[in-house]
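As provided, start27.cif (mmCIF, C-alpha atoms) reads as follows.
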data_coords
#
loop_
_atom_site.label_atom_id
_atom_site.label_comp_id
_atom_site.auth_asym_id
_atom_site.auth_seq_id
_atom_site.Cartn_x
_atom_site.Cartn_y
_atom_site.Cartn_z
CA MET A 1 -5.87 26.89 -6.51
CA PRO A 2 -6.16 26.72 -10.34
CA ALA A 3 -7.87 23.60 -11.68
CA ASP A 4 -4.75 22.50 -13.60
CA ALA A 5 -2.63 22.77 -10.46
CA ALA A 6 -5.23 20.87 -8.44
CA ARG A 7 -5.15 18.02 -10.97
CA ALA A 8 -1.35 17.77 -10.97
CA PRO A 9 -1.14 15.51 -7.85
CA MET A 10 -3.67 13.15 -9.43
CA LEU A 11 -1.48 12.91 -12.54
CA ILE A 12 1.47 11.90 -10.34
CA LEU A 13 -0.66 9.30 -8.54
CA GLY A 14 -1.86 7.90 -11.86
CA SER A 15 1.76 7.68 -12.96
CA VAL A 16 2.72 5.84 -9.76
CA VAL A 17 0.02 3.19 -10.20
CA SER A 18 0.78 2.70 -13.88
CA VAL A 19 4.56 2.43 -13.54
CA GLN A 20 4.52 0.01 -10.61
CA PHE A 21 2.06 -2.44 -12.12
CA GLY A 22 4.06 -2.12 -15.34
CA GLN A 23 7.26 -2.89 -13.47
CA ALA A 24 5.67 -5.92 -11.84
CA LEU A 25 4.87 -7.18 -15.33
CA GLY A 26 8.38 -6.17 -16.35
CA LYS A 27 9.94 -8.29 -13.63
CA GLY A 28 8.04 -11.23 -15.02
CA LEU A 29 9.33 -10.30 -18.50
CA ILE A 30 13.00 -10.53 -17.43
CA GLY A 31 13.17 -14.31 -17.76
CA ALA A 32 11.20 -14.45 -21.02
CA ALA A 33 13.30 -11.72 -22.64
CA GLY A 34 16.62 -13.29 -21.68
CA GLY A 35 17.64 -10.99 -18.82
CA PRO A 36 17.06 -7.54 -17.30
CA TRP A 37 18.92 -5.61 -20.01
CA SER A 38 16.91 -7.33 -22.72
CA ALA A 39 13.70 -6.42 -20.87
CA VAL A 40 14.84 -2.79 -20.64
CA ALA A 41 15.75 -2.72 -24.33
CA LEU A 42 12.32 -4.04 -25.31
CA ARG A 43 10.48 -1.74 -22.92
CA LEU A 44 12.21 1.43 -24.10
CA SER A 45 12.35 0.63 -27.82
CA LEU A 46 8.62 -0.16 -27.94
CA ALA A 47 7.81 2.90 -25.80
CA ALA A 48 9.88 5.04 -28.16
CA ALA A 49 8.03 3.63 -31.18
CA VAL A 50 4.63 4.38 -29.62
CA LEU A 51 5.64 7.91 -28.63
CA LEU A 52 7.22 8.71 -32.01
CA VAL A 53 4.05 7.67 -33.86
CA TRP A 54 1.82 9.46 -31.35
CA ARG A 55 3.75 12.70 -30.93
CA ARG A 56 5.55 13.03 -34.30
CA PRO A 57 8.28 15.16 -32.70
CA ARG A 58 10.67 17.63 -34.31
CA LEU A 59 14.19 18.26 -33.10
CA PRO A 60 14.41 21.47 -31.04
CA ALA A 61 16.00 24.31 -32.97
CA ALA A 62 18.28 25.54 -30.17
CA ARG A 63 21.43 23.56 -29.35
CA GLY A 64 20.81 24.01 -25.62
CA ASP A 65 17.34 22.50 -25.96
CA ARG A 66 18.72 19.52 -27.88
CA LEU A 67 21.29 18.92 -25.14
CA LEU A 68 18.52 19.19 -22.54
CA VAL A 69 16.53 16.47 -24.33
CA LEU A 70 19.62 14.24 -24.49
CA ALA A 71 20.23 14.72 -20.76
CA PHE A 72 16.57 13.96 -20.08
CA GLY A 73 16.80 10.76 -22.12
CA THR A 74 19.99 9.73 -20.35
CA SER A 75 18.25 10.08 -16.99
CA ILE A 76 15.39 7.89 -18.27
CA ALA A 77 17.90 5.25 -19.35
CA GLY A 78 19.53 5.46 -15.91
CA MET A 79 16.22 4.98 -14.10
CA ASN A 80 15.89 1.64 -15.89
CA LEU A 81 18.81 0.33 -13.84
CA VAL A 82 15.98 -0.66 -11.50
CA TYR A 83 15.49 -3.69 -13.79
CA PRO A 84 18.83 -5.36 -12.99
CA ALA A 85 18.08 -4.37 -9.38
CA MET A 86 14.67 -6.10 -9.55
CA ALA A 87 16.33 -9.21 -10.93
CA ARG A 88 18.26 -9.45 -7.64
CA LEU A 89 15.87 -7.87 -5.11
CA PRO A 90 12.14 -8.05 -4.25
CA LEU A 91 10.17 -5.49 -6.23
CA GLY A 92 9.15 -3.48 -3.14
CA VAL A 93 12.74 -3.25 -1.85
CA ALA A 94 14.15 -2.20 -5.24
CA VAL A 95 11.52 0.52 -5.63
CA THR A 96 12.04 1.69 -2.05
CA LEU A 97 15.76 2.19 -2.63
CA GLN A 98 15.02 3.92 -5.93
CA LEU A 99 13.15 6.66 -4.03
CA LEU A 100 15.96 7.71 -1.70
CA VAL A 101 17.20 10.56 -3.91
CA PRO A 102 13.72 11.99 -4.72
CA LEU A 103 12.97 11.99 -0.99
CA ALA A 104 16.26 13.75 -0.33
CA LEU A 105 15.14 16.42 -2.81
CA ALA A 106 11.84 16.71 -0.94
CA LEU A 107 13.66 17.28 2.35
CA GLY A 108 16.33 19.56 0.93
CA SER A 109 13.87 22.02 -0.63
CA ALA A 110 11.52 22.26 2.37
CA ARG A 111 11.03 25.85 3.57
CA ARG A 112 8.65 25.37 6.49
CA TRP A 113 8.69 22.93 9.38
CA ARG A 114 5.46 21.31 8.23
CA GLU A 115 6.95 20.61 4.80
CA ALA A 116 10.01 19.05 6.41
CA LEU A 117 7.75 16.97 8.67
CA TRP A 118 6.08 15.27 5.71
CA GLY A 119 9.47 14.49 4.23
CA VAL A 120 10.70 13.00 7.51
CA LEU A 121 7.53 10.89 7.78
CA ALA A 122 8.03 9.65 4.22
CA VAL A 123 11.64 8.73 4.99
CA ALA A 124 10.45 6.81 8.08
CA GLY A 125 8.05 4.88 5.87
CA VAL A 126 10.76 4.12 3.34
CA LEU A 127 13.04 2.80 6.10
CA LEU A 128 10.24 0.58 7.38
CA PHE A 129 9.59 -0.65 3.86
CA SER A 130 13.17 -1.79 3.45
CA ALA A 131 12.60 -4.40 6.19
CA PRO A 132 15.30 -3.66 8.80
CA GLY A 133 17.37 -6.68 9.68
CA ARG A 134 17.34 -8.09 6.16
CA ALA A 135 19.60 -5.52 4.50
CA GLY A 136 22.72 -7.55 5.21
CA SER A 137 21.34 -10.45 3.17
CA LEU A 138 20.61 -8.33 0.10
CA PRO A 139 23.09 -8.72 -2.78
CA LEU A 140 25.46 -5.78 -3.18
CA ALA A 141 24.98 -5.70 -6.96
CA GLY A 142 21.23 -5.30 -6.51
CA LEU A 143 21.73 -2.49 -3.99
CA ALA A 144 24.20 -0.73 -6.31
CA PHE A 145 21.85 -0.89 -9.30
CA ALA A 146 18.92 0.37 -7.19
CA LEU A 147 20.93 3.32 -5.82
CA ALA A 148 22.19 4.22 -9.30
CA SER A 149 18.58 4.18 -10.45
CA ALA A 150 17.72 6.45 -7.50
CA ALA A 151 20.32 9.01 -8.57
CA SER A 152 18.93 8.94 -12.11
CA MET A 153 15.38 9.32 -10.80
CA GLY A 154 16.34 12.45 -8.88
CA THR A 155 17.92 13.88 -12.03
CA TYR A 156 14.86 12.87 -14.04
CA LEU A 157 12.52 14.80 -11.72
CA LEU A 158 14.59 17.97 -12.05
CA LEU A 159 15.04 17.67 -15.82
CA SER A 160 11.38 16.74 -16.42
CA ARG A 161 10.26 19.97 -14.81
CA ARG A 162 12.80 21.95 -16.82
CA VAL A 163 11.85 20.27 -20.10
CA GLY A 164 8.17 20.86 -19.39
CA ALA A 165 8.81 24.55 -18.72
CA ARG A 166 11.01 25.17 -21.78
CA LEU A 167 9.64 22.82 -24.44
CA PRO A 168 5.87 22.49 -25.00
CA GLY A 169 3.99 19.33 -25.91
CA GLY A 170 5.02 15.69 -25.78
CA GLY A 171 7.57 15.80 -28.59
CA PRO A 172 10.59 16.27 -26.28
CA LEU A 173 9.51 13.23 -24.25
CA ALA A 174 9.32 11.10 -27.40
CA LEU A 175 12.82 12.19 -28.39
CA ALA A 176 14.16 11.58 -24.88
CA VAL A 177 12.73 8.05 -24.68
CA THR A 178 14.13 7.34 -28.15
CA TRP A 179 17.59 8.41 -26.95
CA ALA A 180 17.17 6.22 -23.85
CA ALA A 181 16.38 3.29 -26.16
CA VAL A 182 19.47 4.02 -28.26
CA LEU A 183 21.58 3.84 -25.08
CA THR A 184 20.08 0.60 -23.77
CA VAL A 185 19.30 -1.56 -26.83
CA PRO A 186 22.99 -2.50 -27.34
CA CYS A 187 23.08 -3.82 -23.75
CA GLY A 188 20.04 -5.99 -24.46
CA LEU A 189 21.56 -7.34 -27.67
CA LEU A 190 24.83 -8.15 -25.91
CA GLU A 191 22.98 -9.96 -23.13
CA ASP A 192 20.75 -12.17 -25.26
CA GLY A 193 21.97 -11.69 -28.80
CA GLY A 194 18.42 -10.85 -29.85
CA ALA A 195 17.42 -14.54 -29.82
CA ARG A 196 14.23 -14.02 -27.79
CA LEU A 197 13.47 -10.36 -28.46
CA GLY A 198 11.44 -10.92 -31.62
CA ARG A 199 9.15 -13.68 -30.33
CA PRO A 200 5.48 -12.60 -30.55
CA PRO A 201 4.54 -13.60 -26.95
CA VAL A 202 7.55 -11.70 -25.60
CA LEU A 203 6.76 -8.67 -27.77
CA ALA A 204 3.13 -8.66 -26.63
CA VAL A 205 4.06 -8.60 -22.94
CA ALA A 206 6.84 -6.08 -23.60
CA LEU A 207 4.38 -3.75 -25.34
CA GLY A 208 2.12 -3.83 -22.29
CA VAL A 209 5.12 -3.12 -20.06
CA ALA A 210 6.22 -0.26 -22.32
CA VAL A 211 2.80 1.40 -22.24
CA LEU A 212 2.21 0.93 -18.51
CA SER A 213 5.69 1.70 -17.25
CA SER A 214 6.96 4.23 -19.82
CA VAL A 215 4.42 5.84 -22.17
CA VAL A 216 1.66 6.51 -19.61
CA PRO A 217 3.73 7.48 -16.52
CA TYR A 218 6.29 9.64 -18.34
CA SER A 219 3.50 11.51 -20.13
CA LEU A 220 1.57 12.07 -16.89
CA GLU A 221 4.68 13.16 -14.99
CA LEU A 222 5.75 15.61 -17.68
CA ALA A 223 2.31 17.22 -17.59
CA ALA A 224 2.24 17.28 -13.77
CA LEU A 225 5.74 18.70 -13.29
CA ARG A 226 4.84 21.73 -15.40
CA ARG A 227 2.60 22.74 -12.47
CA LEU A 228 3.92 20.90 -9.42
CA PRO A 229 7.08 21.60 -7.39
CA VAL A 230 9.69 18.84 -7.44
CA ARG A 231 9.46 18.67 -3.63
CA VAL A 232 5.77 17.75 -3.69
CA ALA A 233 6.24 15.34 -6.61
CA GLY A 234 9.04 13.60 -4.70
CA VAL A 235 6.88 13.05 -1.63
CA LEU A 236 3.92 11.88 -3.73
CA GLN A 237 6.20 9.41 -5.46
CA SER A 238 7.03 7.98 -2.05
CA LEU A 239 3.75 6.09 -2.59
CA GLU A 240 5.61 3.96 -5.14
CA PRO A 241 6.80 1.36 -2.59
CA VAL A 242 3.20 0.99 -1.42
CA VAL A 243 1.91 0.39 -4.94
CA ALA A 244 4.95 -1.74 -5.79
CA GLY A 245 4.27 -3.90 -2.75
CA LEU A 246 0.65 -4.36 -3.77
CA ALA A 247 1.62 -5.04 -7.39
CA GLY A 248 4.22 -7.54 -6.23
CA LEU A 249 1.62 -9.26 -4.05
CA LEU A 250 -1.06 -9.40 -6.74
CA LEU A 251 1.09 -10.22 -9.76
CA LEU A 252 4.24 -11.84 -8.35
CA ASP A 253 3.01 -13.40 -5.08
CA GLU A 254 5.55 -11.36 -3.06
CA TRP A 255 4.12 -10.98 0.45
CA LEU A 256 4.62 -7.88 2.63
CA THR A 257 5.89 -8.01 6.21
CA ALA A 258 4.18 -6.31 9.15
CA ALA A 259 6.84 -3.57 9.09
CA GLN A 260 6.17 -2.93 5.43
CA TRP A 261 2.43 -2.62 6.03
CA ALA A 262 3.20 -0.11 8.80
CA ALA A 263 5.24 1.83 6.25
CA ILE A 264 2.14 2.20 4.07
CA GLY A 265 0.51 4.38 6.73
CA CYS A 266 3.58 6.62 7.09
CA ILE A 267 4.04 7.09 3.36
CA ALA A 268 0.36 7.66 2.58
CA ALA A 269 0.12 10.25 5.40
CA ALA A 270 3.23 12.03 4.12
CA SER A 271 1.88 12.18 0.58
CA ALA A 272 -1.54 13.44 1.67
CA GLY A 273 0.05 15.99 4.00
CA ALA A 274 2.38 17.32 1.33
CA VAL A 275 -0.57 18.07 -0.94
CA ALA A 276 -2.89 19.36 1.81
CA THR A 277 -0.34 21.90 3.14
CA ARG A 278 1.08 22.98 -0.21
CA ARG A 279 1.06 26.73 -0.74
CA PRO A 280 -0.93 27.85 -3.83
CA GLU A 281 1.99 29.84 -5.23
CA ALA A 282 4.22 26.75 -5.22
CA ALA A 283 2.12 25.22 -7.94
CA GLN A 284 3.38 27.67 -10.51
CA PRO A 285 6.33 26.70 -12.74
#
As C-alpha coordinates, the full file:
Amino acid sequence: MPADAARAPMLILGSVVSVQFGQALGKGLIGAAGGPWSAVALRLSLAAAVLLVWRRPRLPAARGDRLLVLAFGTSIAGMNLVYPAMARLPLGVAVTLQLLVPLALALGSARRWREALWGVLAVAGVLLFSAPGRAGSLPLAGLAFALASAASMGTYLLLSRRVGARLPGGGPLALAVTWAAVLTVPCGLLEDGGARLGRPPVLAVALGVAVLSSVVPYSLELAALRRLPVRVAGVLQSLEPVVAGLAGLLLLDEWLTAAQWAAIGCIAAASAGAVATRRPEAAQP
(Lines of atoms letter the chains of each structure in order from A and count residues from 1; the text may use other names and numbers.)
(Lines give C-alpha, C1' and ligand atoms only; values in the text may rest on other atoms or scores of the structure.)
Protein backbone atom coordinates (compact mmCIF):
# COMPACT_ATOMS: atom_id res chain seq x y z
CA MET A 1 0.00 0.00 0.00
CA PRO A 2 1.43 3.44 -0.93
CA ALA A 3 2.57 5.57 2.00
CA ASP A 4 0.04 8.33 1.23
CA ALA A 5 -2.81 5.81 1.20
CA ALA A 6 -1.58 4.27 4.44
CA ARG A 7 -1.62 7.69 6.12
CA ALA A 8 -5.14 8.52 4.95
CA PRO A 9 -6.92 6.67 7.83
CA MET A 10 -4.76 8.55 10.33
CA LEU A 11 -5.83 11.84 8.77
CA ILE A 12 -9.48 10.85 9.26
CA LEU A 13 -8.80 9.86 12.88
CA GLY A 14 -7.04 13.17 13.51
CA SER A 15 -10.05 14.95 12.03
CA VAL A 16 -12.42 12.99 14.30
CA VAL A 17 -10.53 13.93 17.47
CA SER A 18 -10.19 17.57 16.47
CA VAL A 19 -13.81 18.10 15.43
CA GLN A 20 -15.35 16.44 18.48
CA PHE A 21 -13.29 18.30 21.05
CA GLY A 22 -14.00 21.44 19.03
CA GLN A 23 -17.72 20.69 19.12
CA ALA A 24 -17.59 20.14 22.87
CA LEU A 25 -16.10 23.62 23.18
CA GLY A 26 -18.71 24.81 20.68
CA LYS A 27 -21.55 23.51 22.83
CA GLY A 28 -20.17 25.57 25.67
CA LEU A 29 -20.00 28.56 23.29
CA ILE A 30 -23.73 28.41 22.48
CA GLY A 31 -24.79 30.25 25.63
CA ALA A 32 -22.02 32.84 25.45
CA ALA A 33 -22.68 33.61 21.79
CA GLY A 34 -26.43 34.02 22.25
CA GLY A 35 -27.64 30.73 20.75
CA PRO A 36 -26.68 27.88 18.41
CA TRP A 37 -27.00 29.89 15.19
CA SER A 38 -24.77 32.62 16.59
CA ALA A 39 -22.19 29.98 17.55
CA VAL A 40 -22.33 28.54 14.02
CA ALA A 41 -21.97 31.99 12.48
CA LEU A 42 -18.89 32.74 14.58
CA ARG A 43 -17.36 29.32 13.98
CA LEU A 44 -17.71 29.44 10.20
CA SER A 45 -16.88 33.12 9.69
CA LEU A 46 -13.66 32.82 11.71
CA ALA A 47 -12.78 29.52 9.99
CA ALA A 48 -13.34 31.18 6.62
CA ALA A 49 -11.08 34.10 7.59
CA VAL A 50 -8.28 31.75 8.66
CA LEU A 51 -8.57 29.64 5.51
CA LEU A 52 -8.73 32.65 3.17
CA VAL A 53 -5.54 34.12 4.66
CA TRP A 54 -3.81 30.71 4.70
CA ARG A 55 -4.84 29.42 1.28
CA ARG A 56 -5.33 32.65 -0.72
CA PRO A 57 -7.75 30.89 -3.08
CA ARG A 58 -8.75 31.81 -6.63
CA LEU A 59 -12.17 31.15 -8.08
CA PRO A 60 -12.16 28.06 -10.34
CA ALA A 61 -12.25 28.96 -14.01
CA ALA A 62 -14.88 26.40 -15.05
CA ARG A 63 -18.53 27.07 -14.21
CA GLY A 64 -19.03 23.43 -13.21
CA ASP A 65 -16.16 23.66 -10.73
CA ARG A 66 -17.60 26.84 -9.22
CA LEU A 67 -20.97 25.13 -8.78
CA LEU A 68 -19.20 22.16 -7.19
CA VAL A 69 -17.55 24.46 -4.63
CA LEU A 70 -20.91 26.09 -3.86
CA ALA A 71 -22.52 22.67 -3.34
CA PHE A 72 -19.60 21.66 -1.11
CA GLY A 73 -20.02 24.82 0.97
CA THR A 74 -23.76 24.26 1.25
CA SER A 75 -23.15 20.77 2.63
CA ILE A 76 -20.72 22.25 5.20
CA ALA A 77 -23.37 24.75 6.26
CA GLY A 78 -25.89 21.90 6.55
CA MET A 79 -23.58 19.84 8.75
CA ASN A 80 -23.60 22.72 11.24
CA LEU A 81 -27.25 21.96 11.96
CA VAL A 82 -25.68 19.72 14.59
CA TYR A 83 -25.32 22.89 16.72
CA PRO A 84 -29.06 23.49 17.21
CA ALA A 85 -29.25 19.71 17.74
CA MET A 86 -26.56 19.90 20.45
CA ALA A 87 -28.47 22.70 22.13
CA ARG A 88 -31.33 20.21 22.67
CA LEU A 89 -29.53 16.86 22.96
CA PRO A 90 -26.45 15.44 24.75
CA LEU A 91 -23.35 15.81 22.60
CA GLY A 92 -22.86 12.04 22.18
CA VAL A 93 -26.47 11.49 21.07
CA ALA A 94 -26.40 14.38 18.57
CA VAL A 95 -23.16 13.13 17.02
CA THR A 96 -24.45 9.55 16.93
CA LEU A 97 -27.52 10.58 14.95
CA GLN A 98 -25.34 12.71 12.68
CA LEU A 99 -23.50 9.55 11.55
CA LEU A 100 -26.51 7.59 10.33
CA VAL A 101 -26.19 8.66 6.69
CA PRO A 102 -22.38 8.14 6.45
CA LEU A 103 -22.88 4.66 7.90
CA ALA A 104 -25.61 4.00 5.36
CA LEU A 105 -23.09 4.93 2.65
CA ALA A 106 -20.60 2.51 4.19
CA LEU A 107 -23.15 -0.31 4.06
CA GLY A 108 -24.51 0.56 0.63
CA SER A 109 -21.13 0.49 -1.11
CA ALA A 110 -19.87 -2.74 0.48
CA ARG A 111 -18.84 -5.35 -2.11
CA ARG A 112 -17.73 -8.23 0.09
CA TRP A 113 -19.33 -9.84 3.12
CA ARG A 114 -16.46 -8.78 5.36
CA GLU A 115 -16.92 -5.14 4.35
CA ALA A 116 -20.63 -5.37 5.11
CA LEU A 117 -19.85 -7.00 8.47
CA TRP A 118 -17.84 -3.98 9.64
CA GLY A 119 -20.67 -1.69 8.62
CA VAL A 120 -23.22 -3.80 10.50
CA LEU A 121 -20.98 -3.81 13.59
CA ALA A 122 -20.65 -0.03 13.39
CA VAL A 123 -24.42 0.35 13.11
CA ALA A 124 -24.83 -1.88 16.20
CA GLY A 125 -22.47 0.41 18.07
CA VAL A 126 -24.34 3.50 16.95
CA LEU A 127 -27.63 2.00 18.15
CA LEU A 128 -26.09 1.20 21.52
CA PHE A 129 -24.71 4.72 21.73
CA SER A 130 -28.14 6.24 21.29
CA ALA A 131 -29.19 4.72 24.65
CA PRO A 132 -32.28 2.61 23.82
CA GLY A 133 -35.25 3.42 25.98
CA ARG A 134 -34.48 7.14 26.14
CA ALA A 135 -35.33 8.03 22.54
CA GLY A 136 -38.94 8.81 23.39
CA SER A 137 -37.81 11.53 25.80
CA LEU A 138 -35.61 13.29 23.25
CA PRO A 139 -37.06 16.51 21.78
CA LEU A 140 -38.30 16.15 18.21
CA ALA A 141 -36.66 19.41 17.14
CA GLY A 142 -33.27 18.12 18.30
CA LEU A 143 -33.77 14.84 16.44
CA ALA A 144 -34.82 16.68 13.27
CA PHE A 145 -31.78 18.97 13.33
CA ALA A 146 -29.44 16.01 13.96
CA LEU A 147 -30.91 14.00 11.07
CA ALA A 148 -30.73 16.99 8.73
CA SER A 149 -27.09 17.34 9.73
CA ALA A 150 -26.63 13.62 8.98
CA ALA A 151 -27.97 14.06 5.45
CA SER A 152 -25.61 16.99 4.91
CA MET A 153 -22.69 14.98 6.29
CA GLY A 154 -23.34 12.19 3.79
CA THR A 155 -23.39 14.75 0.98
CA TYR A 156 -20.24 16.36 2.35
CA LEU A 157 -18.33 13.06 2.24
CA LEU A 158 -19.26 12.49 -1.40
CA LEU A 159 -18.56 16.07 -2.47
CA SER A 160 -15.29 16.27 -0.51
CA ARG A 161 -13.92 13.32 -2.43
CA ARG A 162 -15.06 14.82 -5.72
CA VAL A 163 -13.62 18.25 -4.93
CA GLY A 164 -10.33 16.66 -3.88
CA ALA A 165 -10.13 14.72 -7.13
CA ARG A 166 -11.00 17.62 -9.44
CA LEU A 167 -9.54 20.69 -7.72
CA PRO A 168 -6.03 20.59 -6.21
CA GLY A 169 -4.87 22.31 -3.05
CA GLY A 170 -6.82 23.84 -0.19
CA GLY A 171 -8.23 26.81 -2.10
CA PRO A 172 -11.58 25.14 -2.89
CA LEU A 173 -12.06 24.33 0.80
CA ALA A 174 -11.45 27.97 1.75
CA LEU A 175 -14.04 29.10 -0.80
CA ALA A 176 -16.53 26.45 0.35
CA VAL A 177 -16.23 27.41 4.03
CA THR A 178 -16.61 31.07 3.05
CA TRP A 179 -19.84 30.24 1.23
CA ALA A 180 -21.02 28.26 4.27
CA ALA A 181 -20.36 31.34 6.40
CA VAL A 182 -22.32 33.53 3.98
CA LEU A 183 -25.29 31.16 4.35
CA THR A 184 -25.21 31.00 8.15
CA VAL A 185 -24.10 34.45 9.38
CA PRO A 186 -27.56 36.00 8.69
CA CYS A 187 -29.13 33.33 10.93
CA GLY A 188 -26.71 34.24 13.73
CA LEU A 189 -27.44 37.96 13.36
CA LEU A 190 -31.19 37.33 13.41
CA GLU A 191 -30.87 35.22 16.55
CA ASP A 192 -28.75 37.58 18.63
CA GLY A 193 -28.62 40.79 16.66
CA GLY A 194 -24.84 40.71 16.90
CA ALA A 195 -24.92 41.96 20.50
CA ARG A 196 -22.52 39.32 21.85
CA LEU A 197 -20.63 38.31 18.71
CA GLY A 198 -17.94 40.97 18.96
CA ARG A 199 -17.00 40.48 22.61
CA PRO A 200 -13.30 39.54 22.95
CA PRO A 201 -13.85 36.53 25.29
CA VAL A 202 -16.51 35.14 22.94
CA LEU A 203 -14.30 35.72 19.90
CA ALA A 204 -11.34 33.99 21.57
CA VAL A 205 -13.34 30.85 22.33
CA ALA A 206 -14.99 30.96 18.91
CA LEU A 207 -11.58 31.12 17.21
CA GLY A 208 -10.51 27.98 19.07
CA VAL A 209 -13.75 26.27 18.05
CA ALA A 210 -13.27 27.37 14.43
CA VAL A 211 -9.74 25.97 14.25
CA LEU A 212 -10.51 22.71 16.05
CA SER A 213 -13.87 21.94 14.49
CA SER A 214 -13.54 23.47 11.01
CA VAL A 215 -10.05 24.44 9.79
CA VAL A 216 -8.17 21.35 11.01
CA PRO A 217 -10.76 18.60 10.37
CA TYR A 218 -11.95 19.86 6.98
CA SER A 219 -8.34 20.16 5.79
CA LEU A 220 -7.46 16.67 7.03
CA GLU A 221 -10.60 15.13 5.53
CA LEU A 222 -10.07 16.77 2.15
CA ALA A 223 -6.53 15.37 2.02
CA ALA A 224 -7.66 11.92 3.19
CA LEU A 225 -10.62 11.59 0.82
CA ARG A 226 -8.33 12.10 -2.17
CA ARG A 227 -6.93 8.64 -1.32
CA LEU A 228 -9.59 6.89 0.76
CA PRO A 229 -12.93 5.41 -0.37
CA VAL A 230 -16.02 7.07 1.08
CA ARG A 231 -17.06 3.67 2.50
CA VAL A 232 -13.92 3.38 4.64
CA ALA A 233 -14.08 7.06 5.67
CA GLY A 234 -17.70 6.58 6.76
CA VAL A 235 -16.85 3.63 8.99
CA LEU A 236 -13.80 5.41 10.45
CA GLN A 237 -15.99 8.39 11.24
CA SER A 238 -18.20 6.06 13.25
CA LEU A 239 -15.56 6.68 15.94
CA GLU A 240 -17.02 10.17 16.33
CA PRO A 241 -19.60 9.15 18.97
CA VAL A 242 -16.79 7.56 20.98
CA VAL A 243 -14.67 10.70 20.87
CA ALA A 244 -17.74 12.90 21.36
CA GLY A 245 -18.65 10.92 24.46
CA LEU A 246 -15.16 11.32 25.87
CA ALA A 247 -15.07 15.02 24.98
CA GLY A 248 -18.48 15.49 26.58
CA LEU A 249 -17.26 13.71 29.72
CA LEU A 250 -14.01 15.67 29.98
CA LEU A 251 -15.23 19.11 28.96
CA LEU A 252 -18.98 19.11 29.67
CA ASP A 253 -19.30 16.56 32.52
CA GLU A 254 -21.71 14.43 30.43
CA TRP A 255 -21.41 10.85 31.72
CA LEU A 256 -21.73 7.76 29.51
CA THR A 257 -24.05 4.85 30.28
CA ALA A 258 -22.97 1.20 30.33
CA ALA A 259 -24.64 0.67 26.93
CA GLN A 260 -22.70 3.57 25.46
CA TRP A 261 -19.41 2.18 26.75
CA ALA A 262 -20.31 -1.15 25.14
CA ALA A 263 -20.84 0.75 21.89
CA ILE A 264 -17.23 1.95 22.03
CA GLY A 265 -16.01 -1.61 21.54
CA CYS A 266 -18.31 -2.24 18.57
CA ILE A 267 -17.43 1.00 16.82
CA ALA A 268 -13.68 0.76 17.42
CA ALA A 269 -13.66 -2.85 16.12
CA ALA A 270 -15.62 -1.81 13.03
CA SER A 271 -13.23 1.04 12.28
CA ALA A 272 -10.12 -1.10 12.77
CA GLY A 273 -11.62 -3.91 10.68
CA ALA A 274 -12.55 -1.59 7.82
CA VAL A 275 -8.94 -0.44 7.54
CA ALA A 276 -7.35 -3.86 8.11
CA THR A 277 -9.41 -5.58 5.38
CA ARG A 278 -9.36 -2.73 2.86
CA ARG A 279 -8.18 -3.76 -0.58
CA PRO A 280 -5.09 -1.83 -1.81
CA GLU A 281 -6.76 -0.81 -5.06
CA ALA A 282 -9.63 0.85 -3.17
CA ALA A 283 -7.27 3.50 -1.90
CA GLN A 284 -6.95 5.06 -5.32
CA PRO A 285 -9.19 8.01 -6.24
With the PyMOL selection byres ((chain A and resi 53-57) around 8) as the selection, what would be picked from this file? Answer as number ranges by chain, please.
A: 49-52, 58-59, 170-172, 174-175
Box dimensions and centre (Å, one decimal) enclosing region 256-261 of chain A, axis-aligned, 5 Å extra per side, as lines of an AutoDock Vina configuration file:
center_x = 4.6
center_y = -5.3
center_z = 5.9
size_x = 14.4
size_y = 15.4
size_z = 16.5
Between A:Gly34, A:Pro60, A:Gly92, A:Gly14, which residue has the minimum interatomic distance to Leu252 (chain A), considering all atoms listed in the file?
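Once distances to Leu252 (chain A) are computed over all atoms listed in the file, the minimum belongs to A:Gly92.
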Enumerate, in order of chain and increasing residue number, the residues of region 47-147 of chain A with an atom no farther than 9 Å from region 27-33 of chain A, each with its shortest atom pair and distance in Å to one decimal, counting all atoms listed in the file, as a tab-separated table.
residue	atom	partner	partner_atom	distance
A:Tyr83	CA	A:Lys27	CA	7.2
A:Pro84	CA	A:Ile30	CA	9.0
A:Met86	CA	A:Lys27	CA	6.6
A:Ala87	CA	A:Lys27	CA	7.0
A:Leu91	CA	A:Lys27	CA	7.9
If we count all atoms listed in the file and set the cut-off at 7 Å, which residues sit around region 209-219 of chain A, ignoring sequence neighbours fewer than 6 positions away in its own chain? Please answer as a VMD selection string.
chain A and resid 15 18 to 20 22 to 23 25 to 26 43 to 44 46 to 47 51
Which residue gives the smallest distance to Glu221 (chain A) among A:Leu249, A:Leu99, A:Val243, A:Leu173, with all atoms listed in the file counted?
A:Leu173
For CA of Ile264 (chain A) and CA of Val242 (chain A), the interatomic separation in Å (one decimal):
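Result for CA of Ile264 (chain A) versus CA of Val242 (chain A): 5.7 Å, one decimal.
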Could you check the closest approach to Leu121 (chain A) for each of A:Thr257, A:Gln98, A:Ser238, A:Ser149 and tell me which residue wins, using all atoms listed in the file?
A:Ser238
Residues selected by the PyMOL selection byres ((chain A and resi 123) around 9), written as a list in words
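Selected by the PyMOL selection byres ((chain A and resi 123) around 9) in this file: Leu100, Leu103, Ala104, Trp118, Gly119, Val120, Leu121, Ala122, Ala124, Gly125, Val126, Leu127, Leu128, Ser238, Cys266 and Ile267 of chain A.
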